[in-house]
$ cat data37.cif   # mmCIF, C-alpha atoms
data_work
loop_
_atom_site.label_atom_id
_atom_site.label_comp_id
_atom_site.auth_asym_id
_atom_site.auth_seq_id
_atom_site.Cartn_x
_atom_site.Cartn_y
_atom_site.Cartn_z
CA MET A 867 -5.89 37.82 16.96
CA LYS A 868 -2.72 35.77 16.53
CA ILE A 869 -2.30 32.92 14.06
CA ALA A 870 0.77 30.66 14.04
CA VAL A 871 1.70 29.69 10.47
CA MET A 872 4.08 26.80 9.85
CA SER A 873 5.27 25.21 6.63
CA ASP A 874 7.70 22.58 5.36
CA ILE A 875 8.23 20.52 8.50
CA HIS A 876 9.67 17.68 6.39
CA GLY A 877 9.53 15.31 9.37
CA ASN A 878 11.75 17.39 11.66
CA TYR A 879 9.57 16.81 14.70
CA ILE A 880 12.14 18.28 17.11
CA ALA A 881 12.04 21.60 15.25
CA LEU A 882 8.24 21.37 15.16
CA GLN A 883 8.11 20.90 18.93
CA ARG A 884 10.26 24.02 19.39
CA CYS A 885 7.97 26.12 17.19
CA LEU A 886 4.81 24.86 18.88
CA ALA A 887 6.22 25.52 22.34
CA HIS A 888 7.08 29.08 21.32
CA ALA A 889 3.66 29.61 19.73
CA LEU A 890 1.99 28.42 22.93
CA GLU A 891 3.96 31.02 24.88
CA GLN A 892 2.65 33.69 22.49
CA ASN A 893 -0.96 32.70 23.21
CA VAL A 894 -1.84 32.16 19.55
CA ASP A 895 -5.48 31.62 18.73
CA ALA A 896 -5.11 29.16 15.87
CA TYR A 897 -2.63 27.31 13.66
CA ILE A 898 -2.28 27.11 9.89
CA PHE A 899 0.00 24.44 8.42
CA LEU A 900 1.04 24.89 4.80
CA GLY A 901 2.11 21.38 3.81
CA ASP A 902 5.18 19.17 3.33
CA TYR A 903 4.82 17.45 6.68
CA LEU A 904 7.32 14.65 6.01
CA GLY A 905 10.37 14.21 3.83
CA GLU A 906 13.98 14.27 5.02
CA PHE A 907 14.00 13.15 8.65
CA PRO A 908 13.60 9.89 10.60
CA TYR A 909 10.69 8.70 12.72
CA PRO A 910 7.98 10.36 10.57
CA GLN A 911 5.17 9.06 12.75
CA ARG A 912 6.39 11.33 15.55
CA THR A 913 5.62 14.38 13.43
CA LEU A 914 2.17 13.09 12.55
CA GLU A 915 1.34 12.19 16.15
CA ILE A 916 2.18 15.75 17.23
CA LEU A 917 -0.05 17.19 14.51
CA TYR A 918 -2.93 14.80 15.23
CA GLU A 919 -2.83 15.67 18.92
CA LEU A 920 -2.74 19.39 18.21
CA LYS A 921 -5.66 18.99 15.81
CA GLN A 922 -7.73 17.55 18.65
CA ASN A 923 -6.88 20.32 21.11
CA ALA A 924 -6.59 23.51 19.06
CA SER A 925 -8.03 25.26 16.03
CA CYS A 926 -5.97 23.97 13.09
CA ILE A 927 -6.11 24.26 9.31
CA PHE A 928 -3.98 21.99 7.13
CA ILE A 929 -2.97 22.53 3.50
CA ARG A 930 -1.54 19.85 1.19
CA GLY A 931 2.02 20.28 -0.06
CA ASN A 932 3.81 18.57 -2.92
CA LYS A 933 5.31 15.97 -0.54
CA GLU A 934 1.83 14.78 0.35
CA ASP A 935 1.13 14.31 -3.34
CA TYR A 936 4.12 11.95 -3.55
CA TRP A 937 2.67 9.67 -0.90
CA ILE A 938 -0.87 9.87 -2.28
CA ASN A 939 0.26 9.11 -5.83
CA ARG A 940 2.44 6.27 -4.60
CA ARG A 941 -0.59 4.59 -3.02
CA LYS A 942 -2.55 4.97 -6.26
CA ASP A 943 0.31 3.70 -8.44
CA GLN A 944 2.03 0.65 -6.96
CA ASN A 945 4.43 0.68 -9.92
CA CYS A 946 5.53 4.31 -9.63
CA ASP A 947 9.04 5.12 -10.86
CA TRP A 948 10.69 5.67 -7.50
CA LYS A 949 9.38 2.44 -5.97
CA SER A 950 12.23 0.43 -7.46
CA GLY A 951 14.88 3.15 -7.43
CA ASN A 952 18.24 2.89 -5.72
CA ARG A 953 19.56 4.78 -2.68
CA SER A 954 18.62 8.05 -4.38
CA VAL A 955 15.01 7.58 -3.31
CA MET A 956 15.37 5.58 -0.10
CA ALA A 957 14.38 8.60 2.01
CA MET A 958 11.08 8.69 0.12
CA ILE A 959 10.60 4.94 0.50
CA TYR A 960 11.50 5.17 4.21
CA ASN A 961 8.78 7.76 4.73
CA TYR A 962 6.16 6.00 2.65
CA ASN A 963 6.70 2.69 4.42
CA SER A 964 5.99 4.39 7.75
CA LEU A 965 2.56 5.59 6.68
CA ASN A 966 -0.71 3.82 7.37
CA ALA A 967 -4.15 4.17 5.83
CA LYS A 968 -5.15 6.82 8.37
CA ASP A 969 -2.22 9.01 7.37
CA LEU A 970 -2.80 8.68 3.64
CA ASP A 971 -6.53 9.26 4.06
CA PHE A 972 -5.72 12.42 6.03
CA PHE A 973 -3.42 13.72 3.29
CA GLU A 974 -6.10 13.10 0.67
CA THR A 975 -8.59 15.29 2.54
CA LEU A 976 -6.30 18.32 2.43
CA PRO A 977 -6.85 21.11 -0.12
CA ILE A 978 -3.92 22.67 -1.97
CA SER A 979 -5.35 26.10 -1.10
CA GLN A 980 -8.05 27.51 1.13
CA SER A 981 -9.56 30.91 1.77
CA ILE A 982 -9.66 31.37 5.53
CA ARG A 983 -11.79 33.93 7.31
CA PHE A 984 -11.65 34.40 11.05
CA ALA A 985 -14.56 36.24 12.66
CA GLY A 986 -14.37 39.92 11.87
CA MET A 987 -11.02 39.61 10.07
CA GLU A 988 -9.99 40.05 6.47
CA PRO A 989 -9.73 36.69 4.64
CA VAL A 990 -6.37 35.05 4.03
CA LEU A 991 -5.64 32.69 1.14
CA ALA A 992 -3.40 29.83 2.31
CA CYS A 993 -1.43 27.58 -0.03
CA HIS A 994 1.80 25.62 -0.14
CA GLY A 995 3.20 26.65 -3.50
CA THR A 996 0.59 28.58 -5.45
CA PRO A 997 -3.19 28.46 -5.00
CA PHE A 998 -3.40 26.12 -8.02
CA GLU A 999 -0.10 24.19 -8.08
CA ASN A 1000 1.60 23.04 -4.92
CA GLN A 1001 4.89 22.23 -6.70
CA LYS A 1002 5.41 25.75 -8.02
CA ALA A 1003 6.80 28.74 -6.12
CA LEU A 1004 4.47 31.71 -5.79
CA LEU A 1005 5.68 34.87 -7.50
CA SER A 1006 4.11 38.31 -7.15
CA GLU A 1007 4.05 38.75 -10.91
CA ASP A 1008 1.97 35.62 -11.49
CA GLU A 1009 -1.16 36.63 -13.34
CA PHE A 1010 -3.50 34.65 -11.11
CA VAL A 1011 -2.32 36.52 -8.01
CA GLN A 1012 -4.23 39.58 -9.20
CA LYS A 1013 -7.30 37.45 -9.81
CA CYS A 1014 -7.45 36.22 -6.23
CA GLU A 1015 -10.08 37.99 -4.18
CA GLU A 1016 -7.97 37.92 -1.04
CA ARG A 1017 -5.41 40.67 -0.42
CA TYR A 1018 -3.29 38.39 1.75
CA ILE A 1019 -1.75 35.17 0.44
CA ILE A 1020 0.36 33.02 2.74
CA CYS A 1021 2.59 30.27 1.34
CA GLY A 1022 5.68 28.11 1.86
CA HIS A 1023 7.55 25.77 -0.49
CA THR A 1024 10.62 27.97 -1.06
CA HIS A 1025 11.87 27.52 2.53
CA MET A 1026 12.63 31.24 2.72
CA GLN A 1027 10.74 33.71 4.84
CA GLY A 1028 9.69 36.88 3.10
CA PHE A 1029 7.07 39.50 2.35
CA VAL A 1030 6.27 40.93 -1.06
CA SER A 1031 3.64 43.57 -1.82
CA ASP A 1032 2.68 45.39 -4.99
CA GLY A 1033 0.50 47.80 -3.08
CA LYS A 1034 -2.61 45.67 -3.53
CA LYS A 1035 -1.71 42.04 -2.89
CA LYS A 1036 0.54 40.90 -0.06
CA ILE A 1037 2.37 37.57 -0.40
CA ILE A 1038 3.81 36.29 2.85
CA ASN A 1039 6.09 33.24 3.00
CA ALA A 1040 6.33 31.48 6.35
CA GLY A 1041 9.73 29.89 5.65
CA ALA A 1042 10.41 26.33 6.81
CA VAL A 1043 10.17 24.59 10.14
CA GLY A 1044 12.33 21.65 9.10
CA VAL A 1045 15.03 22.82 6.69
CA PRO A 1046 15.01 26.60 6.27
CA LEU A 1047 17.21 28.33 3.71
CA LYS A 1048 19.50 31.22 4.71
CA SER A 1049 18.87 30.47 8.39
CA PRO A 1050 21.48 27.94 9.55
CA LYS A 1051 20.95 26.01 12.77
CA LYS A 1052 17.48 27.53 13.18
CA THR A 1053 13.86 26.60 12.78
CA GLN A 1054 11.30 29.04 11.40
CA TYR A 1055 7.65 29.91 11.56
CA MET A 1056 5.61 33.10 11.59
CA ILE A 1057 2.81 34.69 13.54
CA LEU A 1058 0.11 36.66 11.74
CA THR A 1059 -1.45 39.33 13.93
CA SER A 1060 -4.58 41.31 13.11
CA ASP A 1061 -6.32 44.13 14.91
CA GLY A 1062 -9.43 43.45 12.89
CA LYS A 1063 -8.26 45.08 9.69
CA ASP A 1064 -4.72 44.44 8.43
CA TRP A 1065 -2.65 41.29 8.96
CA LYS A 1066 0.96 41.83 10.03
CA PRO A 1067 3.57 39.06 9.87
CA GLU A 1068 6.19 38.42 12.52
CA PHE A 1069 8.95 36.19 11.16
CA LEU A 1070 10.59 34.00 13.76
CA SER A 1071 13.87 32.05 13.62
CA LEU A 1072 14.53 30.00 16.72
CA GLU A 1073 17.44 27.99 18.04
CA TYR A 1074 16.64 24.36 18.80
CA ASP A 1075 18.28 21.02 19.52
CA MET A 1076 19.78 20.39 16.09
CA ASP A 1077 22.44 18.07 17.51
CA THR A 1078 19.77 15.55 18.48
CA VAL A 1079 18.21 15.83 15.03
CA ILE A 1080 21.51 14.93 13.36
CA LYS A 1081 22.14 12.15 15.88
CA GLU A 1082 18.77 10.59 15.07
CA ILE A 1083 19.41 10.78 11.31
CA HIS A 1084 22.44 8.55 11.89
CA GLU A 1085 21.16 6.18 14.56
CA SER A 1086 17.75 5.60 12.94
CA GLY A 1087 19.26 3.88 9.91
CA LEU A 1088 18.08 6.59 7.55
CA TRP A 1089 21.67 7.72 6.92
CA ASP A 1090 22.70 4.18 5.92
CA ALA A 1091 19.70 3.82 3.60
CA SER A 1092 20.02 7.24 1.94
CA PRO A 1093 23.51 8.62 2.65
CA TYR A 1094 23.68 11.27 -0.07
CA TRP A 1095 20.26 12.72 0.63
CA CYS A 1096 21.14 12.79 4.34
CA ARG A 1097 24.46 14.48 3.68
CA ILE A 1098 22.59 17.24 1.86
CA THR A 1099 20.15 17.51 4.77
CA GLU A 1100 22.92 17.82 7.34
CA HIS A 1101 24.77 20.40 5.23
CA LEU A 1102 21.58 22.42 4.81
CA LEU A 1103 20.82 22.34 8.52
CA ASP A 1104 24.34 23.50 9.34
CA THR A 1105 24.82 26.16 6.65
CA GLY A 1106 21.38 27.15 5.37
CA GLU A 1107 22.66 26.59 1.84
CA LEU A 1108 22.23 24.15 -1.07
CA PRO A 1109 18.75 22.63 -0.83
CA HIS A 1110 18.07 19.13 -2.10
CA GLY A 1111 16.53 20.28 -5.37
CA THR A 1112 19.58 22.37 -6.23
CA VAL A 1113 21.92 19.44 -5.64
CA LEU A 1114 19.71 17.06 -7.60
CA ASN A 1115 19.68 19.48 -10.54
CA HIS A 1116 23.48 19.66 -10.34
CA VAL A 1117 23.70 15.88 -10.65
CA MET A 1118 21.35 15.85 -13.62
CA LYS A 1119 23.51 18.42 -15.41
CA LEU A 1120 26.77 16.48 -15.13
CA ASN A 1121 28.15 16.05 -18.65
CA ASP A 1122 27.81 12.28 -18.98
CA TYR A 1123 24.76 11.71 -16.80
CA GLN A 1124 22.01 9.68 -18.51
CA ASP A 1125 19.98 7.72 -15.93
CA PRO A 1126 16.58 8.85 -14.57
CA TRP A 1127 16.50 10.93 -11.38
CA TYR A 1128 15.42 8.01 -9.20
CA ASN A 1129 18.36 5.79 -10.19
CA ILE A 1130 21.42 8.01 -9.74
CA ALA A 1131 24.57 5.93 -9.27
CA ASP A 1132 26.69 6.55 -6.17
CA SER A 1133 29.59 7.79 -8.29
CA TYR A 1134 27.49 10.69 -9.62
CA TRP A 1135 26.33 11.63 -6.14
CA GLU A 1136 29.92 11.61 -4.93
CA LYS A 1137 31.04 13.78 -7.83
CA ALA A 1138 28.23 16.31 -7.38
CA LEU A 1139 28.57 16.60 -3.62
CA ASP A 1140 32.35 16.97 -3.94
CA GLU A 1141 31.96 19.77 -6.51
CA LEU A 1142 29.49 21.57 -4.25
CA GLY A 1143 31.60 21.14 -1.12
CA ILE A 1144 29.12 18.94 0.74
CA ARG A 1145 31.04 16.55 3.02
#
$ encode --input "data37.cif" --output "structure tokens"
Amino acid sequence: MKIAVMSDIHGNYIALQRCLAHALEQNVDAYIFLGDYLGEFPYPQRTLEILYELKQNASCIFIRGNKEDYWINRRKDQNCDWKSGNRSVMAMIYNYNSLNAKDLDFFETLPISQSIRFAGMEPVLACHGTPFENQKALLSEDEFVQKCEERYIICGHTHMQGFVSDGKKKIINAGAVGVPLKSPKKTQYMILTSDGKDWKPEFLSLEYDMDTVIKEIHESGLWDASPYWCRITEHLLDTGELPHGTVLNHVMKLNDYQDPWYNIADSYWEKALDELGIR
């Protein structure tokens, strides 16, 4: 049996199409998606339309990531902090404004973890971050890992493919479809294969039409609305280095910075990106 596992699409529907086309060629039996479906890229409805269509035509399991929590919480709290923020949060606002009730209802149905058992196979525990917190990276030394009944835990969130085993538990990270780390100009997913006993991961990094992705970031208006966030995105796509969270933390640690994260002045963005070499 072959299972395609994809995580952290972040709205990069062109990368998603590449991964799905490759998975189809491999004759996979099912798909598991580990969350963070939207985030940094334009035309978010295109990503959702692809996923909705696949859901109708193939066996699919969807997990909720931390990005989905942002949109869900925004609907529940019309006065949330980032609603009235400046250009620092325009990428979030851009994505939220594209969503309809169907999309938000779909996100709310998703679990943050799920034990999955295919007929005759050993169960797999799927999550975005950890089985209990989708904003936290899963570490092999976490106490709750040993408490999980499943030997295999698949996750995303860190945007880095990898496999860790302590001899008992096996933690397998699928990497990121949309903005992978340490894999410049590529998109990533993995295939889990089982002969009925053990699951074996195959990590895949594929070339795709990144030039069109960057072109659409500019021509869609997203770049004009959120230039600093988009500069980080383009740098990450090109180099595989300096994810958005790292850059945001760098801004927050500037000596004289005092404002909240959602209201960073342009001058601080310029200073941070210059120090980090992001053009």
$ resolve_selection --input "data37.cif" --expression "the PyMOL selection byres ((chain A and resi 994-1010) around 6)" --output "tab-separated table (two decimals) with C-alpha atoms, in the coordinates of the input"
chain	number	residue	atom	x	y	z
A	900	LEU	CA	1.04	24.89	4.80
A	901	GLY	CA	2.11	21.38	3.81
A	931	GLY	CA	2.02	20.28	-0.06
A	932	ASN	CA	3.81	18.57	-2.92
A	979	SER	CA	-5.35	26.10	-1.10
A	993	CYS	CA	-1.43	27.58	-0.03
A	1011	VAL	CA	-2.32	36.52	-8.01
A	1012	GLN	CA	-4.23	39.58	-9.20
A	1013	LYS	CA	-7.30	37.45	-9.81
A	1021	CYS	CA	2.59	30.27	1.34
A	1022	GLY	CA	5.68	28.11	1.86
A	1023	HIS	CA	7.55	25.77	-0.49
$ atom_distance --input "data37.cif" --atom1 "CA of Met956 (chain A)" --atom2 "CA of Lys1137 (chain A)"
19.3 Å
$ resolve_selection --input "data37.cif" --expression "the PyMOL selection byres ((chain A and resi 1121-1131) around 6)" --output "MDAnalysis selection string"
chainID A and resid 948 951:952 954:955 1120 1132:1134
$ write_last_selection --input "data37.cif" --atoms "C-alpha atoms" --output "compact mmCIF listing (two decimals), keeping the file's coordinate frame"
# COMPACT_ATOMS: atom_id res chain seq x y z
CA TRP A 948 10.69 5.67 -7.50
CA GLY A 951 14.88 3.15 -7.43
CA ASN A 952 18.24 2.89 -5.72
CA SER A 954 18.62 8.05 -4.38
CA VAL A 955 15.01 7.58 -3.31
CA LEU A 1120 26.77 16.48 -15.13
CA ASP A 1132 26.69 6.55 -6.17
CA SER A 1133 29.59 7.79 -8.29
CA TYR A 1134 27.49 10.69 -9.62
$ closest_residue --input "data37.cif" --among "A:Cys946, A:Leu1058, A:Leu917, A:Met1026" --to "Leu886 (chain A)" --atoms "all atoms listed in the file"
A:Leu917
$ resolve_selection --input "data37.cif" --expression "the PyMOL selection byres ((chain A and resi 1059) around 9)" --output "number ranges by chain"
A: 867-870, 1057-1058, 1060-1061, 1064-1068
$ residues_near_point --input "data37.cif" --point "(28.9, 22.0, 9.0)" --cutoff "12 Å" --atoms "only C-alpha atoms" --output "VMD selection string"
chain A and resid 1050 to 1051 1076 to 1077 1080 1097 to 1107 1143 to 1145
$ closest_residue --input "data37.cif" --among "A:Leu904, A:Gly1062, A:Leu920, A:Gly1111" --to "Ala985 (chain A)" --atoms "only C-alpha atoms"
A:Gly1062
$ closest_residue --input "data37.cif" --among "A:Gln1054, A:Asn923, A:Ser1049, A:Thr975" --to "Asp895 (chain A)" --atoms "only C-alpha atoms"
A:Asn923
$ residues_near_point --input "data37.cif" --point "(3.8, 14.1, 4.6)" --cutoff "8 Å" --atoms "all atoms listed in the file" --output "ChimeraX atom specification"
/A:876-877,901-905,931,933-934,937,973
$ atom_distance --input "data37.cif" --atom1 "CA of Ser873 (chain A)" --atom2 "CA of Ala1138 (chain A)"
28.3 Å
$ atom_distance --input "data37.cif" --atom1 "CA of Leu965 (chain A)" --atom2 "CA of Arg930 (chain A)"
15.8 Å
$ closest_atom_pairs --input "data37.cif" --of "region 872-954 of chain A" --to "region 1029-1042 of chain A" --cutoff "7 Å" --atoms "only C-alpha atoms" --output "tab-separated table"
residue	atom	partner	partner_atom	distance
A:Met872	CA	A:Ala1040	CA	6.3
A:Ser873	CA	A:Ala1042	CA	5.3
A:Asp874	CA	A:Ala1042	CA	4.8
A:Ile875	CA	A:Ala1042	CA	6.4
$ closest_residue --input "data37.cif" --among "A:Gly1044, A:Gly1028, A:Pro989, A:Pro908" --to "Ala1091 (chain A)" --atoms "only C-alpha atoms"
A:Pro908
$ closest_residue --input "data37.cif" --among "A:Glu919, A:Asp947, A:Asp1090, A:Glu1073" --to "Tyr960 (chain A)" --atoms "all atoms listed in the file"
A:Asp1090
$ residues_around --input "data37.cif" --residues "Cys885 (chain A)" --least-positions-apart "6" --cutoff "10 Å" --atoms "all atoms listed in the file" --output "list in words"
Ala870, Val871, Met872, Tyr879, Glu891, Val1043, Thr1053, Gln1054, Tyr1055, Met1056, Leu1070, Ser1071, Leu1072, Glu1073 and Tyr1074 of chain A
$ build_atoms --input "data37.cif" --residues "region 1098-1133 of chain A" --atoms "N, CA and C atoms" --output "PDB file, in the frame of the given file"
ATOM      1  N   ILE A1098      23.132  15.937   2.276  1.00  0.00           N
ATOM      2  CA  ILE A1098      22.590  17.240   1.860  1.00  0.00           C
ATOM      3  C   ILE A1098      21.776  17.848   2.998  1.00  0.00           C
ATOM      4  N   THR A1099      20.961  17.021   3.656  1.00  0.00           N
ATOM      5  CA  THR A1099      20.150  17.510   4.770  1.00  0.00           C
ATOM      6  C   THR A1099      21.026  18.091   5.873  1.00  0.00           C
ATOM      7  N   GLU A1100      22.054  17.359   6.263  1.00  0.00           N
ATOM      8  CA  GLU A1100      22.920  17.820   7.340  1.00  0.00           C
ATOM      9  C   GLU A1100      23.653  19.112   6.957  1.00  0.00           C
ATOM     10  N   HIS A1101      24.097  19.185   5.712  1.00  0.00           N
ATOM     11  CA  HIS A1101      24.770  20.400   5.230  1.00  0.00           C
ATOM     12  C   HIS A1101      23.801  21.587   5.258  1.00  0.00           C
ATOM     13  N   LEU A1102      22.581  21.357   4.837  1.00  0.00           N
ATOM     14  CA  LEU A1102      21.580  22.420   4.810  1.00  0.00           C
ATOM     15  C   LEU A1102      21.230  22.903   6.211  1.00  0.00           C
ATOM     16  N   LEU A1103      21.092  21.958   7.144  1.00  0.00           N
ATOM     17  CA  LEU A1103      20.820  22.340   8.520  1.00  0.00           C
ATOM     18  C   LEU A1103      21.941  23.207   9.087  1.00  0.00           C
ATOM     19  N   ASP A1104      23.169  22.839   8.760  1.00  0.00           N
ATOM     20  CA  ASP A1104      24.340  23.500   9.340  1.00  0.00           C
ATOM     21  C   ASP A1104      24.641  24.846   8.692  1.00  0.00           C
ATOM     22  N   THR A1105      24.396  24.954   7.382  1.00  0.00           N
ATOM     23  CA  THR A1105      24.820  26.160   6.650  1.00  0.00           C
ATOM     24  C   THR A1105      23.666  27.008   6.126  1.00  0.00           C
ATOM     25  N   GLY A1106      22.489  26.429   5.986  1.00  0.00           N
ATOM     26  CA  GLY A1106      21.380  27.150   5.370  1.00  0.00           C
ATOM     27  C   GLY A1106      21.499  27.277   3.872  1.00  0.00           C
ATOM     28  N   GLU A1107      22.395  26.489   3.268  1.00  0.00           N
ATOM     29  CA  GLU A1107      22.660  26.590   1.840  1.00  0.00           C
ATOM     30  C   GLU A1107      22.497  25.239   1.146  1.00  0.00           C
ATOM     31  N   LEU A1108      22.279  25.307  -0.163  1.00  0.00           N
ATOM     32  CA  LEU A1108      22.230  24.150  -1.070  1.00  0.00           C
ATOM     33  C   LEU A1108      21.102  23.170  -0.719  1.00  0.00           C
ATOM     34  N   PRO A1109      19.871  23.534  -1.051  1.00  0.00           N
ATOM     35  CA  PRO A1109      18.750  22.630  -0.830  1.00  0.00           C
ATOM     36  C   PRO A1109      18.819  21.397  -1.721  1.00  0.00           C
ATOM     37  N   HIS A1110      18.022  20.407  -1.399  1.00  0.00           N
ATOM     38  CA  HIS A1110      18.070  19.130  -2.100  1.00  0.00           C
ATOM     39  C   HIS A1110      17.800  19.272  -3.596  1.00  0.00           C
ATOM     40  N   GLY A1111      16.840  20.103  -3.954  1.00  0.00           N
ATOM     41  CA  GLY A1111      16.530  20.280  -5.370  1.00  0.00           C
ATOM     42  C   GLY A1111      17.687  20.855  -6.157  1.00  0.00           C
ATOM     43  N   THR A1112      18.419  21.781  -5.561  1.00  0.00           N
ATOM     44  CA  THR A1112      19.580  22.370  -6.230  1.00  0.00           C
ATOM     45  C   THR A1112      20.653  21.327  -6.479  1.00  0.00           C
ATOM     46  N   VAL A1113      20.902  20.481  -5.490  1.00  0.00           N
ATOM     47  CA  VAL A1113      21.920  19.440  -5.640  1.00  0.00           C
ATOM     48  C   VAL A1113      21.478  18.405  -6.667  1.00  0.00           C
ATOM     49  N   LEU A1114      20.214  18.026  -6.623  1.00  0.00           N
ATOM     50  CA  LEU A1114      19.710  17.060  -7.600  1.00  0.00           C
ATOM     51  C   LEU A1114      19.846  17.613  -9.013  1.00  0.00           C
ATOM     52  N   ASN A1115      19.529  18.868  -9.215  1.00  0.00           N
ATOM     53  CA  ASN A1115      19.680  19.480 -10.540  1.00  0.00           C
ATOM     54  C   ASN A1115      21.141  19.495 -10.973  1.00  0.00           C
ATOM     55  N   HIS A1116      22.044  19.679 -10.018  1.00  0.00           N
ATOM     56  CA  HIS A1116      23.480  19.660 -10.340  1.00  0.00           C
ATOM     57  C   HIS A1116      23.894  18.283 -10.847  1.00  0.00           C
ATOM     58  N   VAL A1117      23.400  17.243 -10.200  1.00  0.00           N
ATOM     59  CA  VAL A1117      23.700  15.880 -10.650  1.00  0.00           C
ATOM     60  C   VAL A1117      23.197  15.671 -12.075  1.00  0.00           C
ATOM     61  N   MET A1118      21.970  16.091 -12.321  1.00  0.00           N
ATOM     62  CA  MET A1118      21.350  15.850 -13.620  1.00  0.00           C
ATOM     63  C   MET A1118      22.045  16.596 -14.749  1.00  0.00           C
ATOM     64  N   LYS A1119      22.823  17.624 -14.392  1.00  0.00           N
ATOM     65  CA  LYS A1119      23.510  18.420 -15.410  1.00  0.00           C
ATOM     66  C   LYS A1119      24.966  18.007 -15.614  1.00  0.00           C
ATOM     67  N   LEU A1120      25.419  16.985 -14.891  1.00  0.00           N
ATOM     68  CA  LEU A1120      26.770  16.480 -15.130  1.00  0.00           C
ATOM     69  C   LEU A1120      26.883  15.991 -16.570  1.00  0.00           C
ATOM     70  N   ASN A1121      28.009  16.235 -17.197  1.00  0.00           N
ATOM     71  CA  ASN A1121      28.150  16.050 -18.650  1.00  0.00           C
ATOM     72  C   ASN A1121      27.714  14.684 -19.160  1.00  0.00           C
ATOM     73  N   ASP A1122      28.090  13.608 -18.458  1.00  0.00           N
ATOM     74  CA  ASP A1122      27.810  12.280 -18.980  1.00  0.00           C
ATOM     75  C   ASP A1122      26.659  11.575 -18.278  1.00  0.00           C
ATOM     76  N   TYR A1123      25.856  12.348 -17.529  1.00  0.00           N
ATOM     77  CA  TYR A1123      24.760  11.710 -16.800  1.00  0.00           C
ATOM     78  C   TYR A1123      23.607  11.370 -17.745  1.00  0.00           C
ATOM     79  N   GLN A1124      23.075  10.123 -17.613  1.00  0.00           N
ATOM     80  CA  GLN A1124      22.010   9.680 -18.510  1.00  0.00           C
ATOM     81  C   GLN A1124      20.840   9.007 -17.796  1.00  0.00           C
ATOM     82  N   ASP A1125      21.031   8.480 -16.614  1.00  0.00           N
ATOM     83  CA  ASP A1125      19.980   7.720 -15.930  1.00  0.00           C
ATOM     84  C   ASP A1125      18.853   8.630 -15.443  1.00  0.00           C
ATOM     85  N   PRO A1126      17.681   8.047 -15.140  1.00  0.00           N
ATOM     86  CA  PRO A1126      16.580   8.850 -14.570  1.00  0.00           C
ATOM     87  C   PRO A1126      16.923   9.298 -13.150  1.00  0.00           C
ATOM     88  N   TRP A1127      16.207  10.303 -12.663  1.00  0.00           N
ATOM     89  CA  TRP A1127      16.500  10.930 -11.380  1.00  0.00           C
ATOM     90  C   TRP A1127      16.446   9.941 -10.220  1.00  0.00           C
ATOM     91  N   TYR A1128      15.614   8.929 -10.315  1.00  0.00           N
ATOM     92  CA  TYR A1128      15.420   8.010  -9.200  1.00  0.00           C
ATOM     93  C   TYR A1128      16.432   6.867  -9.191  1.00  0.00           C
ATOM     94  N   ASN A1129      17.399   6.889 -10.104  1.00  0.00           N
ATOM     95  CA  ASN A1129      18.360   5.790 -10.190  1.00  0.00           C
ATOM     96  C   ASN A1129      19.783   6.314 -10.333  1.00  0.00           C
ATOM     97  N   ILE A1130      20.092   7.403  -9.640  1.00  0.00           N
ATOM     98  CA  ILE A1130      21.420   8.010  -9.740  1.00  0.00           C
ATOM     99  C   ILE A1130      22.455   7.094  -9.081  1.00  0.00           C
ATOM    100  N   ALA A1131      23.506   6.777  -9.803  1.00  0.00           N
ATOM    101  CA  ALA A1131      24.570   5.930  -9.270  1.00  0.00           C
ATOM    102  C   ALA A1131      25.365   6.685  -8.201  1.00  0.00           C
ATOM    103  N   ASP A1132      25.927   5.934  -7.262  1.00  0.00           N
ATOM    104  CA  ASP A1132      26.690   6.550  -6.170  1.00  0.00           C
ATOM    105  C   ASP A1132      27.815   7.435  -6.692  1.00  0.00           C
ATOM    106  N   SER A1133      28.444   7.029  -7.772  1.00  0.00           N
ATOM    107  CA  SER A1133      29.590   7.790  -8.290  1.00  0.00           C
ATOM    108  C   SER A1133      29.173   9.206  -8.697  1.00  0.00           C
TER     109      SER A1133
END
